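coords12.tsv follows; it contains TSV, C-alpha atoms.
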```tsv
chain	number	residue	atom	x	y	z
A	44	THR	CA	1.47	1.06	-4.74
A	45	LEU	CA	3.66	0.04	-7.67
A	46	ASN	CA	7.41	0.52	-7.47
A	47	SER	CA	10.26	-1.08	-9.43
A	48	GLU	CA	10.68	-4.00	-7.04
A	49	ILE	CA	6.96	-4.84	-7.11
A	50	LEU	CA	6.80	-4.55	-10.89
A	51	LEU	CA	9.66	-6.99	-11.36
A	52	PHE	CA	8.10	-9.38	-8.86
A	53	ALA	CA	4.81	-9.27	-10.78
A	54	GLN	CA	6.61	-10.26	-13.97
A	55	ASN	CA	7.67	-13.53	-12.36
A	56	ASN	CA	4.62	-14.32	-10.24
A	57	LYS	CA	1.36	-15.03	-12.07
A	58	LYS	CA	-0.75	-14.96	-8.92
A	59	PHE	CA	0.53	-11.53	-7.90
A	60	LYS	CA	0.21	-10.23	-11.44
A	61	SER	CA	-3.43	-11.32	-11.61
A	62	ILE	CA	-4.16	-9.50	-8.35
A	63	ILE	CA	-2.79	-6.15	-9.50
A	64	ASN	CA	-4.61	-6.57	-12.81
A	65	ASP	CA	-7.91	-7.41	-11.13
A	66	LYS	CA	-10.74	-5.00	-12.01
A	67	ASN	CA	-11.28	-4.18	-8.32
A	68	THR	CA	-7.64	-3.33	-7.66
A	69	ILE	CA	-6.48	0.28	-7.72
A	70	VAL	CA	-2.80	0.59	-8.62
A	71	THR	CA	-0.87	3.75	-7.85
A	72	ILE	CA	2.60	4.79	-9.02
A	73	ASP	CA	5.07	4.58	-6.14
A	74	GLY	CA	8.55	5.08	-7.51
A	75	GLN	CA	10.21	7.71	-9.65
A	76	TRP	CA	11.67	5.19	-12.10
A	77	ILE	CA	8.20	3.78	-12.77
A	78	LEU	CA	6.94	7.33	-13.35
A	79	PHE	CA	9.86	8.08	-15.71
A	80	ALA	CA	9.20	4.90	-17.69
A	81	LEU	CA	5.46	5.52	-17.98
A	82	LYS	CA	5.91	9.14	-19.03
A	83	ARG	CA	8.33	8.02	-21.72
A	84	LYS	CA	5.90	5.37	-22.96
A	85	TYR	CA	2.75	7.51	-22.62
A	86	GLY	CA	4.12	11.00	-23.14
A	87	ASN	CA	0.75	12.49	-24.09
A	88	ILE	CA	-0.97	11.39	-20.87
A	89	SER	CA	-0.79	13.10	-17.49
A	90	LEU	CA	0.64	10.81	-14.79
A	91	VAL	CA	1.33	11.38	-11.11
A	92	LYS	CA	3.26	9.58	-8.35
A	93	ASN	CA	1.33	8.64	-5.22
A	94	SER	CA	3.39	6.81	-2.61
A	95	GLY	CA	1.88	4.85	0.24
A	96	SER	CA	3.82	7.04	2.65
A	97	ASP	CA	1.85	10.04	1.31
A	98	LEU	CA	-1.51	8.36	0.81
A	99	ILE	CA	-1.63	6.98	4.34
A	100	TYR	CA	-2.03	10.53	5.68
A	101	SER	CA	-4.60	11.54	3.08
A	102	ILE	CA	-6.71	8.43	3.59
A	103	THR	CA	-6.60	8.83	7.37
A	104	ASP	CA	-7.73	12.43	6.96
A	105	GLU	CA	-10.70	11.36	4.82
A	106	VAL	CA	-11.63	8.65	7.31
A	107	ALA	CA	-11.66	11.23	10.09
A	108	LYS	CA	-13.64	13.79	8.10
A	109	ASN	CA	-16.31	11.22	7.29
A	110	ASN	CA	-16.45	9.72	10.80
A	111	LYS	CA	-15.41	6.23	9.67
A	112	LYS	CA	-13.25	3.57	11.30
A	113	LEU	CA	-9.67	2.80	10.25
A	114	LEU	CA	-7.74	-0.31	11.24
A	115	ILE	CA	-3.99	-0.64	10.65
A	116	ILE	CA	-2.83	-4.27	10.60
A	117	GLY	CA	0.82	-5.26	10.51
A	118	SER	CA	4.32	-3.90	11.04
A	119	SER	CA	5.94	-4.38	14.44
A	120	GLU	CA	3.93	-3.85	17.61
A	121	ASN	CA	5.95	-0.75	18.43
A	122	SER	CA	5.63	0.80	14.95
A	123	ASN	CA	1.94	-0.02	14.75
A	124	LYS	CA	1.19	1.70	18.06
A	125	LYS	CA	3.33	4.74	17.27
A	126	ALA	CA	1.71	5.13	13.85
A	127	VAL	CA	-1.80	4.85	15.28
A	128	ASP	CA	-1.02	7.39	18.02
A	129	LYS	CA	0.55	9.82	15.56
A	130	LEU	CA	-2.38	9.62	13.11
A	131	LYS	CA	-4.81	10.13	15.99
A	132	ASN	CA	-2.91	13.23	17.09
A	133	ILE	CA	-2.71	14.66	13.58
A	134	THR	CA	-6.40	14.17	12.82
A	135	GLU	CA	-7.66	14.66	16.40
A	136	TYR	CA	-9.78	11.58	15.76
A	137	ASN	CA	-10.01	8.43	17.88
A	138	ASN	CA	-11.62	5.85	15.58
A	139	ILE	CA	-8.20	4.68	14.41
A	140	PHE	CA	-7.18	1.25	15.61
A	141	GLY	CA	-4.14	-0.97	15.29
A	142	TYR	CA	-3.24	-4.62	15.48
A	143	SER	CA	0.20	-6.15	15.05
A	144	PRO	CA	0.15	-9.94	14.74
A	145	PRO	CA	3.43	-11.78	15.33
A	146	PHE	CA	5.57	-12.43	12.27
A	147	SER	CA	4.52	-15.42	10.22
A	148	ASN	CA	5.41	-16.79	6.83
A	149	TYR	CA	2.67	-16.94	4.22
A	150	PRO	CA	0.29	-18.67	3.83
A	151	PHE	CA	-0.84	-18.07	7.39
A	152	SER	CA	-2.14	-20.93	9.51
A	153	LYS	CA	-5.89	-21.20	10.02
A	154	GLU	CA	-5.49	-20.17	13.65
A	155	PHE	CA	-3.35	-17.17	12.73
A	156	ASN	CA	-5.79	-16.03	10.05
A	157	GLN	CA	-8.77	-16.55	12.33
A	158	LYS	CA	-7.26	-14.26	14.93
A	159	ILE	CA	-6.88	-11.50	12.34
A	160	GLN	CA	-10.46	-12.00	11.21
A	161	ASN	CA	-11.67	-11.89	14.82
A	162	ILE	CA	-10.01	-8.50	15.33
A	163	ILE	CA	-11.60	-7.18	12.15
A	164	SER	CA	-15.02	-8.56	13.12
A	165	LYS	CA	-14.77	-6.87	16.51
A	166	ILE	CA	-13.73	-3.43	15.24
A	167	LYS	CA	-15.73	-3.49	11.97
A	168	PRO	CA	-13.53	-0.94	10.19
A	169	ASP	CA	-14.55	0.86	7.01
A	170	VAL	CA	-10.94	1.04	5.82
A	171	ILE	CA	-8.00	-1.27	6.51
A	172	ILE	CA	-4.33	-0.47	5.96
A	173	LEU	CA	-2.25	-3.65	5.63
A	174	ALA	CA	1.46	-3.63	6.40
A	175	PHE	CA	2.55	-7.25	6.05
A	176	GLY	CA	4.96	-6.44	3.25
A	177	VAL	CA	4.84	-7.51	-0.39
A	178	PRO	CA	3.46	-9.98	-1.44
A	179	LYS	CA	1.92	-11.23	1.81
A	180	GLN	CA	-0.39	-8.24	2.18
A	181	GLU	CA	-1.71	-8.46	-1.39
A	182	PHE	CA	-2.20	-12.22	-1.19
A	183	TRP	CA	-4.01	-11.96	2.14
A	184	ALA	CA	-6.29	-9.13	1.00
A	185	TYR	CA	-7.25	-10.96	-2.18
A	186	GLU	CA	-7.84	-14.33	-0.52
A	187	ASN	CA	-9.95	-12.77	2.25
A	188	ARG	CA	-11.92	-10.39	0.02
A	189	GLU	CA	-15.28	-12.12	0.56
A	190	PHE	CA	-14.87	-12.05	4.33
A	191	LEU	CA	-13.89	-8.37	4.22
A	192	LYS	CA	-16.84	-7.51	2.01
A	193	ASN	CA	-19.30	-9.36	4.24
A	194	ILE	CA	-17.99	-7.69	7.39
A	195	GLY	CA	-18.49	-4.24	5.82
A	196	VAL	CA	-14.93	-3.21	4.92
A	197	LYS	CA	-15.14	-0.72	2.04
A	198	TYR	CA	-11.46	-0.33	1.20
A	199	ILE	CA	-8.30	-2.26	1.99
A	200	THR	CA	-4.93	-0.70	1.16
A	201	CYS	CA	-1.50	-2.35	1.01
A	202	PHE	CA	1.15	0.18	2.00
A	203	GLY	CA	3.99	-2.03	3.26
A	204	GLY	CA	6.64	0.17	4.87
A	205	ALA	CA	4.49	3.30	5.11
A	206	VAL	CA	3.49	2.43	8.67
A	207	ASP	CA	7.16	2.32	9.73
A	208	MET	CA	7.67	5.74	8.14
A	209	VAL	CA	4.70	7.24	9.98
A	210	ALA	CA	6.03	5.71	13.21
A	211	GLY	CA	9.45	7.25	12.60
A	212	LYS	CA	11.24	3.92	12.46
A	213	VAL	CA	12.26	4.51	8.84
A	214	LYS	CA	13.25	7.97	7.65
A	215	ARG	CA	12.03	8.98	4.22
A	216	ALA	CA	14.42	10.48	1.68
A	217	PRO	CA	14.46	14.28	1.24
A	218	LYS	CA	12.09	15.60	-1.42
A	219	ILE	CA	14.90	16.41	-3.87
A	220	LEU	CA	16.16	12.81	-3.79
A	221	GLN	CA	12.61	11.53	-4.28
A	222	LYS	CA	12.19	13.67	-7.40
A	223	LEU	CA	15.53	12.55	-8.81
A	224	GLY	CA	14.64	8.91	-8.34
A	225	PHE	CA	17.29	8.29	-5.66
A	226	GLU	CA	14.94	7.32	-2.83
A	227	GLY	CA	16.00	3.68	-3.18
A	228	ILE	CA	19.68	4.59	-2.85
A	229	TYR	CA	18.87	6.62	0.25
A	230	ARG	CA	17.09	3.61	1.80
A	231	VAL	CA	20.12	1.42	1.07
A	232	ILE	CA	22.42	3.89	2.84
A	233	LEU	CA	20.19	3.77	5.91
A	234	GLU	CA	19.50	0.04	5.61
A	235	PRO	CA	22.49	-1.73	3.94
A	236	HIS	CA	20.69	-5.09	4.03
A	237	ARG	CA	18.44	-3.76	1.24
A	238	LEU	CA	21.36	-3.59	-1.24
A	239	LYS	CA	20.63	-6.95	-2.89
A	240	ARG	CA	16.97	-6.03	-3.38
A	241	PHE	CA	17.95	-2.63	-4.77
A	242	ILE	CA	20.36	-4.10	-7.33
A	243	LYS	CA	17.55	-6.26	-8.70
A	244	THR	CA	15.38	-3.20	-9.29
A	245	LEU	CA	18.05	-1.65	-11.54
A	246	LYS	CA	16.70	-3.92	-14.27
A	247	ILE	CA	13.79	-1.49	-14.59
A	248	ILE	CA	16.13	0.99	-16.25
A	249	VAL	CA	17.12	-1.32	-19.11
A	250	LEU	CA	13.93	-3.34	-19.69
A	251	LYS	CA	12.15	-1.91	-22.72
A	252	GLU	CA	8.88	-3.79	-22.54
A	253	ASN	CA	8.55	-4.26	-18.78
A	254	LEU	CA	5.20	-2.49	-18.61
A	255	ASN	CA	3.32	-4.46	-21.28
A	256	HIS	CA	1.65	-6.78	-18.79
A	257	LEU	CA	-0.08	-3.98	-16.92
A	258	LYS	CA	-3.65	-3.68	-18.23
A	259	LYS	CA	-4.47	-0.46	-16.47
A	260	ILE	CA	-2.67	2.56	-15.12
A	261	PHE	CA	-4.30	5.23	-13.00
A	262	LEU	CA	-4.14	8.51	-14.91
A	263	ASP	CA	-4.37	11.77	-12.97
A	264	LEU	CA	-4.95	9.66	-9.89
A	265	LYS	CA	-7.84	10.86	-7.72
A	266	ILE	CA	-7.97	8.11	-5.15
A	267	ILE	CA	-8.67	10.44	-2.26
A	268	LEU	CA	-11.52	12.11	-4.11
A	269	LYS	CA	-12.90	8.68	-4.91
A	270	LEU	CA	-12.84	7.76	-1.23
A	271	LYS	CA	-14.48	11.05	-0.31
A	272	LYS	CA	-17.22	10.64	-2.91
A	273	ALA	CA	-17.90	7.07	-1.83
A	274	PHE	CA	-18.19	8.04	1.81
A	275	GLN	CA	-20.50	10.95	1.02
A	276	GLN	CA	-22.74	8.70	-1.09
A	277	ARG	CA	-23.05	6.25	1.79
A	278	LYS	CA	-23.89	9.12	4.13
A	279	ASN	CA	-26.80	10.06	1.89
```
Let me see the file written as structure tokens.
Amino acid sequence: TLNSEILLFAQNNKKFKSIINDKNTIVTIDGQWILFALKRKYGNISLVKNSGSDLIYSITDEVAKNNKKLLIIGSSENSNKKAVDKLKNITEYNNIFGYSPPFSNYPFSKEFNQKIQNIISKIKPDVIILAFGVPKQEFWAYENREFLKNIGVKYITCFGGAVDMVAGKVKRAPKILQKLGFEGIYRVILEPHRLKRFIKTLKIIVLKENLNHLKKIFLDLKIILKLKKAFQQRKN
């Protein structure tokens, strides 16, 4: 999910930029300033904002409806468990699993990575939600794509802080602040340590050509319908 901070990071990191531009990567708009910029640049095209903190519920709902397995990897042990329990309660579905490895810098050690792979091999999920944070989650997903494909994982999503929001550890901004583009300011008020990161994202307001490197944008995003269609096709 693309927000201002991730966009600016992609401008300065070729590896990350290549991942979000990969033909198999689905990029969603997660940030009001990104949406404002895209609407200004592509005024004749319909665009929508789809945050990870919204999509996590929709994807879980589709997983439950289609009797598939979901594995949430990352965030703290407490947040991971609370998020899994909450999603189970909401969907009344038990094939939702969680695993919270201890914090580690990236790249992970072979032993660390093997443990993650062992958990995935044991559960054999259809969908994985990664919450390692940017860019660790994207790097890990891309570098382990062959393993994930061979084990039968159909979709892997990188939602970062969405798991903490589901768990209630982080409170999301009120809807009106989200629409006005002040969600970042709200997060800084709640978490002052994010101030430095937030100041960097202000560049998005003044950069005129900051979107040129993106080769594709999802228009009228239908990611949930795509998941639903894919699951139904595999059922048949």
| message | What's around Ser118 of chain A at 7 Å? Count all atoms listed in the file, leave out sequence neighbours fewer than 2 positions away in its own chain, and write the answer as an MDAnalysis selection string. | response | chainID A and resid 120 122:123 143 174:175 206:207
| task | Just the residues within 8 Å of Glu181 of chain A, please, counting all atoms listed in the file, with nothing from its chain fewer than 3 positions along; format it as a list of chain:residue names. | result | A:Phe59, A:Ile62, A:Val177, A:Pro178, A:Ala184, A:Tyr185, A:Cys201
How would the residues just picked look written out with C-alpha atoms as an mmCIF file, in the frame of the given file?
```cif
data_model
loop_
_atom_site.group_PDB
_atom_site.id
_atom_site.type_symbol
_atom_site.label_atom_id
_atom_site.label_comp_id
_atom_site.auth_asym_id
_atom_site.auth_seq_id
_atom_site.Cartn_x
_atom_site.Cartn_y
_atom_site.Cartn_z
ATOM 1 C CA PHE A 59 0.530 -11.530 -7.900
ATOM 2 C CA ILE A 62 -4.160 -9.500 -8.350
ATOM 3 C CA VAL A 177 4.840 -7.510 -0.390
ATOM 4 C CA PRO A 178 3.460 -9.980 -1.440
ATOM 5 C CA ALA A 184 -6.290 -9.130 1.000
ATOM 6 C CA TYR A 185 -7.250 -10.960 -2.180
ATOM 7 C CA CYS A 201 -1.500 -2.350 1.010
#
```
Please check which residues have atoms at most 12 Å from (17.5, 7.3, -1.8) in the file's coordinates, counting all atoms listed in the file, and write them as a tab-separated table (two decimals) with C-alpha atoms, in the coordinates of the input.
```
chain	number	residue	atom	x	y	z
A	74	GLY	CA	8.55	5.08	-7.51
A	75	GLN	CA	10.21	7.71	-9.65
A	214	LYS	CA	13.25	7.97	7.65
A	215	ARG	CA	12.03	8.98	4.22
A	216	ALA	CA	14.42	10.48	1.68
A	217	PRO	CA	14.46	14.28	1.24
A	218	LYS	CA	12.09	15.60	-1.42
A	219	ILE	CA	14.90	16.41	-3.87
A	220	LEU	CA	16.16	12.81	-3.79
A	221	GLN	CA	12.61	11.53	-4.28
A	222	LYS	CA	12.19	13.67	-7.40
A	223	LEU	CA	15.53	12.55	-8.81
A	224	GLY	CA	14.64	8.91	-8.34
A	225	PHE	CA	17.29	8.29	-5.66
A	226	GLU	CA	14.94	7.32	-2.83
A	227	GLY	CA	16.00	3.68	-3.18
A	228	ILE	CA	19.68	4.59	-2.85
A	229	TYR	CA	18.87	6.62	0.25
A	230	ARG	CA	17.09	3.61	1.80
A	231	VAL	CA	20.12	1.42	1.07
A	232	ILE	CA	22.42	3.89	2.84
A	233	LEU	CA	20.19	3.77	5.91
A	234	GLU	CA	19.50	0.04	5.61
A	235	PRO	CA	22.49	-1.73	3.94
A	237	ARG	CA	18.44	-3.76	1.24
A	238	LEU	CA	21.36	-3.59	-1.24
A	241	PHE	CA	17.95	-2.63	-4.77
```
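Closest approach to Ser94 of chain A from the set A:Lys129, A:Leu45, A:Gln54, A:Lys192 is made by A:Leu45, with distances taken over all atoms listed in the file.
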| field | Distance criterion (all atoms listed in the file): nearest to Gly204 of chain A out of A:Ser164, A:Ile77, A:Asn64, A:Gly176 | value | A:Gly176
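Reported to one decimal place, the separation of atom CA of Gln160 of chain A from atom CA of Asp128 of chain A is 22.6 Å.
One distance worth recording is that between atom CA of Ile133 of chain A and atom CA of Lys158 of chain A, which is 29.3 Å.
Distances to Pro150 of chain A were evaluated for A:Gln180, A:Ile162, A:Asn137, A:Val91 using only C-alpha atoms, and the minimum falls at A:Gln180.
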